[in-house]
Amino acid sequence: HLKQGGYRCGAFGKWHLGYEPKHHPLNHGFDQFFGFLGGYVDYYRHREFSDLDVLFDGRKPVKTEGYMTRLSTDRAVQFVDNFPTNKSFFLYVAYSVPHFPFQPPGSDTGKMVAKDELTKGTRKNYVTMLEDMDREVGRILASLDERGMTSNTLVVFASDHGAIVPGSNAPFRGFKSGLFEGGIRTACMMRLPGRLPEGVVSDQPTITMDLTTSFINAGIADTPTGYKSDGMDIVQHLSRRQPGKERTLAWRAKRGDRVWRAIRHGDWKLVTRLEDGKTDEWLFDLKNDTKETKDLTASKPNLKQRLADLLADWEAETKPSR
């Protein structure tokens with residue numbers, strides 16, 4: 001939609017939506033791409049444990065030297081530096097940090113991390129990788145400043161899920177792949193000088209897919225033909241300082257035979273987990289228990305059933321892809 005609206009679109013970094021050519025970002029509206037296809041790569045060799053080519057410049061598999069975080073930034077900065085200041089762009093930079101393997105800059109051993117060491121790391125290395133990513137984000141912001149683009153560029157910093165060990169999601173419960181708050185409650189920060197007020201914090205529940213609505217509304221004057229969204233415009237919510245509204249949001253996460261499902265309606269949240277043929281359920285009051293320490297399924301059976309019915313309706317409407 002943004003491309004059709006006159007934007008030039010660049011994607012740099014991680015593209016974890018499939019290896020087949022039909023899934024390539026250049027087939028989904030992007031004009032430029034440099035990055036890797038898959039969930040992770042060795043930060044120095046830019047490969048994973050398969051024979052597939054995963055690092056691409058455009059549609060061409062490439063080999064290059066350098067630390068993956070910085071390579072992604074280099075191309076993002078190049079994209080901004082070479083862009084006409086009187087045109088519009090959408091820049092998507094997806095760092096793999098802090099995904100495993102936990103290889104901070106300056107730690108190259110000259111060989112791939114062993115498979116049995118892939119998800120092992122230290123807290124120190126984890127933090128070092130995050131701090132390096134912080135600096136790389138700063139390089140992109142500096143490039144916008146140097147081109148005089150800061151005042152009319154919406155910048156969003158967001159994450160797709162919570163951390164795994166050795167990361168921390170404190171004070172929230174759980175980790176990536178689960179649907180407790182530690183797995184799904186993430187940071188989202190926005191900057192648009194002159195339109196978004198500084199220092200405002202919103203407690204309005206939003207979801208990553210709301211960014212689609214927010215970007216289209218912010219960037220395109222007329223709603224694209226055929227576009228329909230049930231998402232929320234976060235930019236409008238913040239700029240107008242609108243009061244929060246009650247929403248119903250649902251999640252489903254499947255890994256092998258383990259299936260998590262969750263639904264949030266207002267401040268109430270129902271979480272279910274199917275694993276080894278056994279189903280566990282939890283009901284939480286997020287207004288008074290953000291750490292999800294007190295299960296209320298026994299004391300509020302009617303509410304639990306109401307949320308279960310909402311979740312069943314969503315499941316029927318939103319079929320899994322496989």
# chains A, B, ... in the order shown; residues from 1 in each chain; ligands from 1
>>> closest_atom_pairs(of="segment 3-83 of chain A", to="segment 136-152 of chain A", cutoff="10 Å", atoms="only C-alpha atoms", output="JSON lines")
{"residue": "A:Thr69", "atom": "CA", "partner": "A:Glu136", "partner_atom": "CA", "distance": 7.6}
{"residue": "A:Arg70", "atom": "CA", "partner": "A:Glu136", "partner_atom": "CA", "distance": 6.8}
{"residue": "A:Leu71", "atom": "CA", "partner": "A:Glu136", "partner_atom": "CA", "distance": 9.9}
{"residue": "A:Ser72", "atom": "CA", "partner": "A:Glu136", "partner_atom": "CA", "distance": 9.0}
{"residue": "A:Thr73", "atom": "CA", "partner": "A:Glu136", "partner_atom": "CA", "distance": 6.2}
{"residue": "A:Asp74", "atom": "CA", "partner": "A:Ile140", "partner_atom": "CA", "distance": 8.8}
{"residue": "A:Arg75", "atom": "CA", "partner": "A:Ile140", "partner_atom": "CA", "distance": 9.9}
{"residue": "A:Ala76", "atom": "CA", "partner": "A:Ile140", "partner_atom": "CA", "distance": 7.0}
{"residue": "A:Val77", "atom": "CA", "partner": "A:Ile140", "partner_atom": "CA", "distance": 5.6}
{"residue": "A:Gln78", "atom": "CA", "partner": "A:Ser143", "partner_atom": "CA", "distance": 8.9}
{"residue": "A:Phe79", "atom": "CA", "partner": "A:Ser143", "partner_atom": "CA", "distance": 9.8}
{"residue": "A:Val80", "atom": "CA", "partner": "A:Ser143", "partner_atom": "CA", "distance": 6.7}
{"residue": "A:Asp81", "atom": "CA", "partner": "A:Ser143", "partner_atom": "CA", "distance": 6.7}
{"residue": "A:Asn82", "atom": "CA", "partner": "A:Arg147", "partner_atom": "CA", "distance": 9.6}
{"residue": "A:Phe83", "atom": "CA", "partner": "A:Arg147", "partner_atom": "CA", "distance": 9.0}
>>> closest_atom_pairs(of="segment 160-252 of chain A", to="segment 87-100 of chain A", cutoff="12 Å", atoms="only C-alpha atoms", output="Markdown table")
| residue | atom | partner | partner_atom | distance |
| --- | --- | --- | --- | --- |
| A:Asp160 | CA | A:Ala94 | CA | 10.1 |
| A:His161 | CA | A:His99 | CA | 10.9 |
| A:Gly162 | CA | A:Pro98 | CA | 10.3 |
| A:Ala163 | CA | A:Pro98 | CA | 8.0 |
| A:Ile164 | CA | A:His99 | CA | 8.4 |
| A:Val165 | CA | A:Phe100 | CA | 10.0 |
| A:Pro166 | CA | A:Pro98 | CA | 10.0 |
| A:Gly167 | CA | A:Pro98 | CA | 8.4 |
| A:Ser168 | CA | A:Pro98 | CA | 11.4 |
| A:Lys176 | CA | A:His99 | CA | 10.7 |
| A:Thr212 | CA | A:Phe90 | CA | 12.0 |
| A:Phe215 | CA | A:Phe90 | CA | 9.1 |
| A:Ile216 | CA | A:Phe90 | CA | 10.7 |
| A:Ala218 | CA | A:Phe90 | CA | 11.5 |
| A:Gly219 | CA | A:Ser88 | CA | 8.5 |
| A:Ile220 | CA | A:Ser88 | CA | 10.3 |
>>> write_last_selection(atoms="N, CA, C and O atoms", output="compact mmCIF listing (two decimals), in the first residue's frame")
# COMPACT_ATOMS: atom_id res chain seq x y z
N ASP A 160 9.05 -7.89 18.58
CA ASP A 160 7.96 -8.82 18.24
C ASP A 160 7.56 -9.73 19.39
O ASP A 160 6.46 -10.28 19.39
N HIS A 161 8.43 -9.93 20.34
CA HIS A 161 8.10 -10.79 21.49
C HIS A 161 9.12 -10.57 22.60
O HIS A 161 10.11 -9.87 22.42
N GLY A 162 8.87 -11.21 23.73
CA GLY A 162 9.78 -11.07 24.86
C GLY A 162 11.06 -11.87 24.69
O GLY A 162 11.24 -12.61 23.72
N ALA A 163 11.92 -11.76 25.67
CA ALA A 163 13.24 -12.38 25.61
C ALA A 163 13.20 -13.86 25.99
O ALA A 163 12.25 -14.35 26.59
N ILE A 164 14.26 -14.56 25.59
CA ILE A 164 14.54 -15.89 26.12
C ILE A 164 15.72 -15.76 27.08
O ILE A 164 16.40 -14.74 27.10
N VAL A 165 15.96 -16.79 27.88
CA VAL A 165 17.13 -16.81 28.75
C VAL A 165 18.38 -16.77 27.86
O VAL A 165 18.42 -17.46 26.85
N PRO A 166 19.39 -15.90 28.13
CA PRO A 166 19.67 -15.20 29.38
C PRO A 166 19.08 -13.80 29.48
O PRO A 166 19.50 -13.02 30.32
N GLY A 167 18.12 -13.46 28.62
CA GLY A 167 17.45 -12.18 28.74
C GLY A 167 16.50 -12.18 29.92
O GLY A 167 16.29 -13.20 30.58
N SER A 168 15.90 -11.04 30.16
CA SER A 168 14.96 -10.91 31.28
C SER A 168 13.75 -10.12 30.82
O SER A 168 13.87 -9.12 30.11
N LYS A 176 9.73 -15.82 25.68
CA LYS A 176 9.35 -16.02 24.29
C LYS A 176 8.73 -17.41 24.10
O LYS A 176 9.12 -18.37 24.75
N THR A 212 0.33 -1.42 11.15
CA THR A 212 -0.10 -1.34 9.76
C THR A 212 -1.08 -0.19 9.57
O THR A 212 -0.90 0.67 8.70
N PHE A 215 0.70 3.25 10.13
CA PHE A 215 1.57 3.70 9.04
C PHE A 215 0.76 4.16 7.83
O PHE A 215 1.07 5.19 7.22
N ILE A 216 -0.27 3.40 7.47
CA ILE A 216 -1.07 3.77 6.30
C ILE A 216 -1.78 5.09 6.54
O ILE A 216 -1.79 5.98 5.68
N ALA A 218 -0.90 7.48 8.59
CA ALA A 218 0.07 8.58 8.70
C ALA A 218 0.68 8.94 7.36
O ALA A 218 1.05 10.09 7.13
N GLY A 219 0.78 7.95 6.45
CA GLY A 219 1.56 8.18 5.24
C GLY A 219 0.78 8.36 3.96
O GLY A 219 1.33 8.83 2.96
N ILE A 220 -0.49 7.95 3.94
CA ILE A 220 -1.26 8.01 2.70
C ILE A 220 -2.52 8.84 2.94
O ILE A 220 -3.28 8.57 3.87
>>> residues_around(residues="Leu211 of chain A", least_positions_apart="2", cutoff="10 Å", atoms="only C-alpha atoms", output="number ranges by chain")
A: 156, 158, 206-209, 213-217, 231-235
>>> closest_residue(among="A:Leu154, A:Leu286, A:Ala316, A:Val41", to="Met112 of chain A", atoms="only C-alpha atoms")
A:Val41
>>> select_by_dssp(residues="segment 59-269 of chain A", states="strand (DSSP E)", output="PyMOL selection string")
chain A and resi 60-61+89-94+155-158+188-191+248-255+258-265+268-269
>>> write_last_selection(atoms="N, CA and C atoms", output="mmCIF file, in the first residue's frame")
data_model
loop_
_atom_site.group_PDB
_atom_site.id
_atom_site.type_symbol
_atom_site.label_atom_id
_atom_site.label_comp_id
_atom_site.auth_asym_id
_atom_site.auth_seq_id
_atom_site.Cartn_x
_atom_site.Cartn_y
_atom_site.Cartn_z
ATOM 1 N N LYS A 60 19.809 -11.640 -5.070
ATOM 2 C CA LYS A 60 21.058 -12.366 -5.307
ATOM 3 C C LYS A 60 21.693 -12.816 -3.992
ATOM 4 N N PRO A 61 21.985 -14.121 -3.850
ATOM 5 C CA PRO A 61 22.727 -14.583 -2.670
ATOM 6 C C PRO A 61 24.118 -13.969 -2.669
ATOM 7 N N PHE A 89 9.643 7.830 2.031
ATOM 8 C CA PHE A 89 10.196 6.478 2.111
ATOM 9 C C PHE A 89 9.654 5.748 3.328
ATOM 10 N N PHE A 90 9.698 4.421 3.246
ATOM 11 C CA PHE A 90 9.422 3.541 4.375
ATOM 12 C C PHE A 90 10.645 2.657 4.550
ATOM 13 N N LEU A 91 11.254 2.747 5.713
ATOM 14 C CA LEU A 91 12.481 2.005 6.004
ATOM 15 C C LEU A 91 12.213 1.019 7.128
ATOM 16 N N TYR A 92 12.414 -0.265 6.842
ATOM 17 C CA TYR A 92 12.190 -1.331 7.834
ATOM 18 C C TYR A 92 13.536 -1.970 8.146
ATOM 19 N N VAL A 93 13.996 -1.800 9.389
ATOM 20 C CA VAL A 93 15.277 -2.366 9.817
ATOM 21 C C VAL A 93 14.998 -3.385 10.912
ATOM 22 N N ALA A 94 15.219 -4.649 10.602
ATOM 23 C CA ALA A 94 14.917 -5.737 11.538
ATOM 24 C C ALA A 94 16.221 -6.357 12.017
ATOM 25 N N VAL A 155 9.373 7.691 13.511
ATOM 26 C CA VAL A 155 10.298 6.628 13.882
ATOM 27 C C VAL A 155 9.628 5.744 14.928
ATOM 28 N N VAL A 156 9.662 4.445 14.707
ATOM 29 C CA VAL A 156 9.077 3.488 15.640
ATOM 30 C C VAL A 156 10.123 2.458 16.039
ATOM 31 N N PHE A 157 10.263 2.245 17.328
ATOM 32 C CA PHE A 157 11.138 1.189 17.853
ATOM 33 C C PHE A 157 10.243 0.173 18.553
ATOM 34 N N ALA A 158 10.264 -1.064 18.075
ATOM 35 C CA ALA A 158 9.367 -2.074 18.629
ATOM 36 C C ALA A 158 10.024 -3.439 18.582
ATOM 37 N N CYS A 188 7.320 -0.415 22.786
ATOM 38 C CA CYS A 188 7.015 0.269 21.529
ATOM 39 C C CYS A 188 7.145 1.764 21.783
ATOM 40 N N MET A 189 8.072 2.377 21.078
ATOM 41 C CA MET A 189 8.306 3.817 21.237
ATOM 42 C C MET A 189 8.168 4.495 19.877
ATOM 43 N N MET A 190 7.569 5.687 19.876
ATOM 44 C CA MET A 190 7.347 6.428 18.644
ATOM 45 C C MET A 190 7.853 7.858 18.772
ATOM 46 N N ARG A 191 8.362 8.400 17.648
ATOM 47 C CA ARG A 191 8.820 9.790 17.626
ATOM 48 C C ARG A 191 8.374 10.452 16.329
ATOM 49 N N THR A 248 -10.497 -6.286 22.637
ATOM 50 C CA THR A 248 -10.355 -7.730 22.752
ATOM 51 C C THR A 248 -9.251 -8.160 21.804
ATOM 52 N N LEU A 249 -8.183 -8.738 22.345
ATOM 53 C CA LEU A 249 -7.027 -9.170 21.557
ATOM 54 C C LEU A 249 -6.779 -10.646 21.819
ATOM 55 N N ALA A 250 -6.376 -11.364 20.782
ATOM 56 C CA ALA A 250 -6.168 -12.810 20.926
ATOM 57 C C ALA A 250 -4.828 -13.224 20.330
ATOM 58 N N TRP A 251 -4.288 -14.326 20.858
ATOM 59 C CA TRP A 251 -3.003 -14.868 20.421
ATOM 60 C C TRP A 251 -3.088 -16.388 20.294
ATOM 61 N N ARG A 252 -2.257 -16.926 19.409
ATOM 62 C CA ARG A 252 -2.107 -18.373 19.302
ATOM 63 C C ARG A 252 -0.647 -18.646 18.953
ATOM 64 N N ALA A 253 -0.022 -19.576 19.651
ATOM 65 C CA ALA A 253 1.379 -19.898 19.410
ATOM 66 C C ALA A 253 1.560 -21.407 19.450
ATOM 67 N N LYS A 254 2.044 -21.963 18.349
ATOM 68 C CA LYS A 254 2.196 -23.415 18.251
ATOM 69 C C LYS A 254 3.648 -23.763 17.972
ATOM 70 N N ARG A 255 4.187 -24.638 18.794
ATOM 71 C CA ARG A 255 5.519 -25.191 18.588
ATOM 72 C C ARG A 255 5.417 -26.700 18.785
ATOM 73 N N ARG A 258 2.936 -28.480 21.340
ATOM 74 C CA ARG A 258 2.562 -27.521 22.380
ATOM 75 C C ARG A 258 1.849 -26.330 21.748
ATOM 76 N N VAL A 259 0.652 -26.058 22.240
ATOM 77 C CA VAL A 259 -0.135 -24.952 21.685
ATOM 78 C C VAL A 259 -0.583 -24.033 22.816
ATOM 79 N N TRP A 260 -0.180 -22.774 22.707
ATOM 80 C CA TRP A 260 -0.639 -21.739 23.633
ATOM 81 C C TRP A 260 -1.749 -20.939 22.955
ATOM 82 N N ARG A 261 -2.746 -20.554 23.726
ATOM 83 C CA ARG A 261 -3.772 -19.631 23.261
ATOM 84 C C ARG A 261 -4.043 -18.635 24.384
ATOM 85 N N ALA A 262 -4.392 -17.430 23.995
ATOM 86 C CA ALA A 262 -4.722 -16.424 25.017
ATOM 87 C C ALA A 262 -5.679 -15.414 24.437
ATOM 88 N N ILE A 263 -6.493 -14.841 25.313
ATOM 89 C CA ILE A 263 -7.366 -13.749 24.908
ATOM 90 C C ILE A 263 -7.401 -12.729 26.030
ATOM 91 N N ARG A 264 -7.349 -11.470 25.631
ATOM 92 C CA ARG A 264 -7.444 -10.366 26.585
ATOM 93 C C ARG A 264 -8.672 -9.535 26.230
ATOM 94 N N HIS A 265 -9.536 -9.320 27.191
ATOM 95 C CA HIS A 265 -10.715 -8.471 27.026
ATOM 96 C C HIS A 265 -10.687 -7.442 28.145
ATOM 97 N N TRP A 268 -8.941 -8.226 31.624
ATOM 98 C CA TRP A 268 -8.997 -9.649 31.942
ATOM 99 C C TRP A 268 -8.337 -10.470 30.852
ATOM 100 N N LYS A 269 -7.605 -11.484 31.277
ATOM 101 C CA LYS A 269 -6.848 -12.290 30.322
ATOM 102 C C LYS A 269 -6.959 -13.770 30.676
#
>>> select_by_dssp(residues="segment 15-94 of chain A", states="helix (DSSP H, G or I)", output="ChimeraX atom specification")
/A:21-23,25-27,68-81
>>> write_last_selection(atoms="N, CA, C and O atoms", output="mmCIF file, in the first residue's frame")
data_model
loop_
_atom_site.group_PDB
_atom_site.id
_atom_site.type_symbol
_atom_site.label_atom_id
_atom_site.label_comp_id
_atom_site.auth_asym_id
_atom_site.auth_seq_id
_atom_site.Cartn_x
_atom_site.Cartn_y
_atom_site.Cartn_z
ATOM 1 N N PRO A 21 11.022 -18.201 -3.113
ATOM 2 C CA PRO A 21 11.037 -16.899 -3.804
ATOM 3 C C PRO A 21 9.745 -16.107 -3.651
ATOM 4 O O PRO A 21 9.785 -14.874 -3.572
ATOM 5 N N LYS A 22 8.610 -16.774 -3.567
ATOM 6 C CA LYS A 22 7.343 -16.055 -3.456
ATOM 7 C C LYS A 22 7.241 -15.260 -2.157
ATOM 8 O O LYS A 22 6.442 -14.334 -2.049
ATOM 9 N N HIS A 23 8.048 -15.624 -1.150
ATOM 10 C CA HIS A 23 8.013 -14.915 0.127
ATOM 11 C C HIS A 23 9.027 -13.775 0.205
ATOM 12 O O HIS A 23 9.095 -13.078 1.214
ATOM 13 N N PRO A 25 10.995 -10.351 0.143
ATOM 14 C CA PRO A 25 10.453 -9.005 0.379
ATOM 15 C C PRO A 25 10.241 -8.184 -0.884
ATOM 16 O O PRO A 25 9.349 -7.328 -0.918
ATOM 17 N N LEU A 26 11.042 -8.430 -1.929
ATOM 18 C CA LEU A 26 10.845 -7.682 -3.166
ATOM 19 C C LEU A 26 9.550 -8.080 -3.863
ATOM 20 O O LEU A 26 9.115 -7.385 -4.789
ATOM 21 N N ASN A 27 8.932 -9.165 -3.429
ATOM 22 C CA ASN A 27 7.620 -9.553 -3.946
ATOM 23 C C ASN A 27 6.485 -9.051 -3.058
ATOM 24 O O ASN A 27 5.325 -9.396 -3.295
ATOM 25 N N MET A 68 26.704 -8.752 11.601
ATOM 26 C CA MET A 68 25.393 -8.633 10.952
ATOM 27 C C MET A 68 24.648 -7.374 11.371
ATOM 28 O O MET A 68 24.029 -6.703 10.541
ATOM 29 N N THR A 69 24.697 -7.017 12.639
ATOM 30 C CA THR A 69 23.990 -5.823 13.105
ATOM 31 C C THR A 69 24.491 -4.586 12.371
ATOM 32 O O THR A 69 23.702 -3.745 11.932
ATOM 33 N N ARG A 70 25.781 -4.488 12.223
ATOM 34 C CA ARG A 70 26.360 -3.292 11.605
ATOM 35 C C ARG A 70 26.175 -3.290 10.094
ATOM 36 O O ARG A 70 26.012 -2.228 9.482
ATOM 37 N N LEU A 71 26.194 -4.479 9.488
ATOM 38 C CA LEU A 71 25.928 -4.554 8.054
ATOM 39 C C LEU A 71 24.520 -4.060 7.743
ATOM 40 O O LEU A 71 24.306 -3.347 6.761
ATOM 41 N N SER A 72 23.555 -4.443 8.581
ATOM 42 C CA SER A 72 22.173 -3.990 8.379
ATOM 43 C C SER A 72 22.077 -2.471 8.513
ATOM 44 O O SER A 72 21.401 -1.804 7.717
ATOM 45 N N THR A 73 22.778 -1.914 9.504
ATOM 46 C CA THR A 73 22.760 -0.465 9.696
ATOM 47 C C THR A 73 23.419 0.248 8.524
ATOM 48 O O THR A 73 22.932 1.284 8.064
ATOM 49 N N ASP A 74 24.539 -0.299 8.048
ATOM 50 C CA ASP A 74 25.241 0.330 6.923
ATOM 51 C C ASP A 74 24.307 0.538 5.741
ATOM 52 O O ASP A 74 24.281 1.607 5.128
ATOM 53 N N ARG A 75 23.528 -0.489 5.441
ATOM 54 C CA ARG A 75 22.632 -0.389 4.286
ATOM 55 C C ARG A 75 21.460 0.544 4.577
ATOM 56 O O ARG A 75 20.980 1.247 3.681
ATOM 57 N N ALA A 76 20.984 0.549 5.812
ATOM 58 C CA ALA A 76 19.895 1.456 6.175
ATOM 59 C C ALA A 76 20.351 2.911 6.059
ATOM 60 O O ALA A 76 19.626 3.771 5.532
ATOM 61 N N VAL A 77 21.540 3.206 6.563
ATOM 62 C CA VAL A 77 22.080 4.571 6.487
ATOM 63 C C VAL A 77 22.313 4.965 5.033
ATOM 64 O O VAL A 77 22.028 6.113 4.625
ATOM 65 N N GLN A 78 22.808 4.046 4.239
ATOM 66 C CA GLN A 78 23.009 4.311 2.808
ATOM 67 C C GLN A 78 21.686 4.648 2.130
ATOM 68 O O GLN A 78 21.606 5.560 1.304
ATOM 69 N N PHE A 79 20.642 3.921 2.511
ATOM 70 C CA PHE A 79 19.301 4.166 1.966
ATOM 71 C C PHE A 79 18.848 5.588 2.283
ATOM 72 O O PHE A 79 18.364 6.317 1.408
ATOM 73 N N VAL A 80 19.032 6.018 3.539
ATOM 74 C CA VAL A 80 18.625 7.371 3.939
ATOM 75 C C VAL A 80 19.501 8.425 3.272
ATOM 76 O O VAL A 80 19.004 9.437 2.744
ATOM 77 N N ASP A 81 20.820 8.199 3.274
ATOM 78 C CA ASP A 81 21.741 9.197 2.742
ATOM 79 C C ASP A 81 21.542 9.456 1.260
ATOM 80 O O ASP A 81 21.805 10.564 0.767
#
>>> residues_around(residues="Asp108 of chain A", least_positions_apart="6", cutoff="10 Å", atoms="only C-alpha atoms", output="PyMOL selection string")
chain A and resi 42-45+67
>>> write_last_selection(atoms="C-alpha atoms", output="CSV table (one decimal), in the first residue's frame")
chain,number,residue,atom,x,y,z
A,42,ASP,CA,25.8,-16.6,12.7
A,43,TYR,CA,26.5,-12.9,13.2
A,44,TYR,CA,29.9,-13.3,11.5
A,45,ARG,CA,29.4,-15.9,8.9
A,67,TYR,CA,29.0,-8.1,12.0
>>> atom_distance(atom1="atom CA of Ser202 of chain A", atom2="atom CA of Gly183 of chain A")
19.8 Å
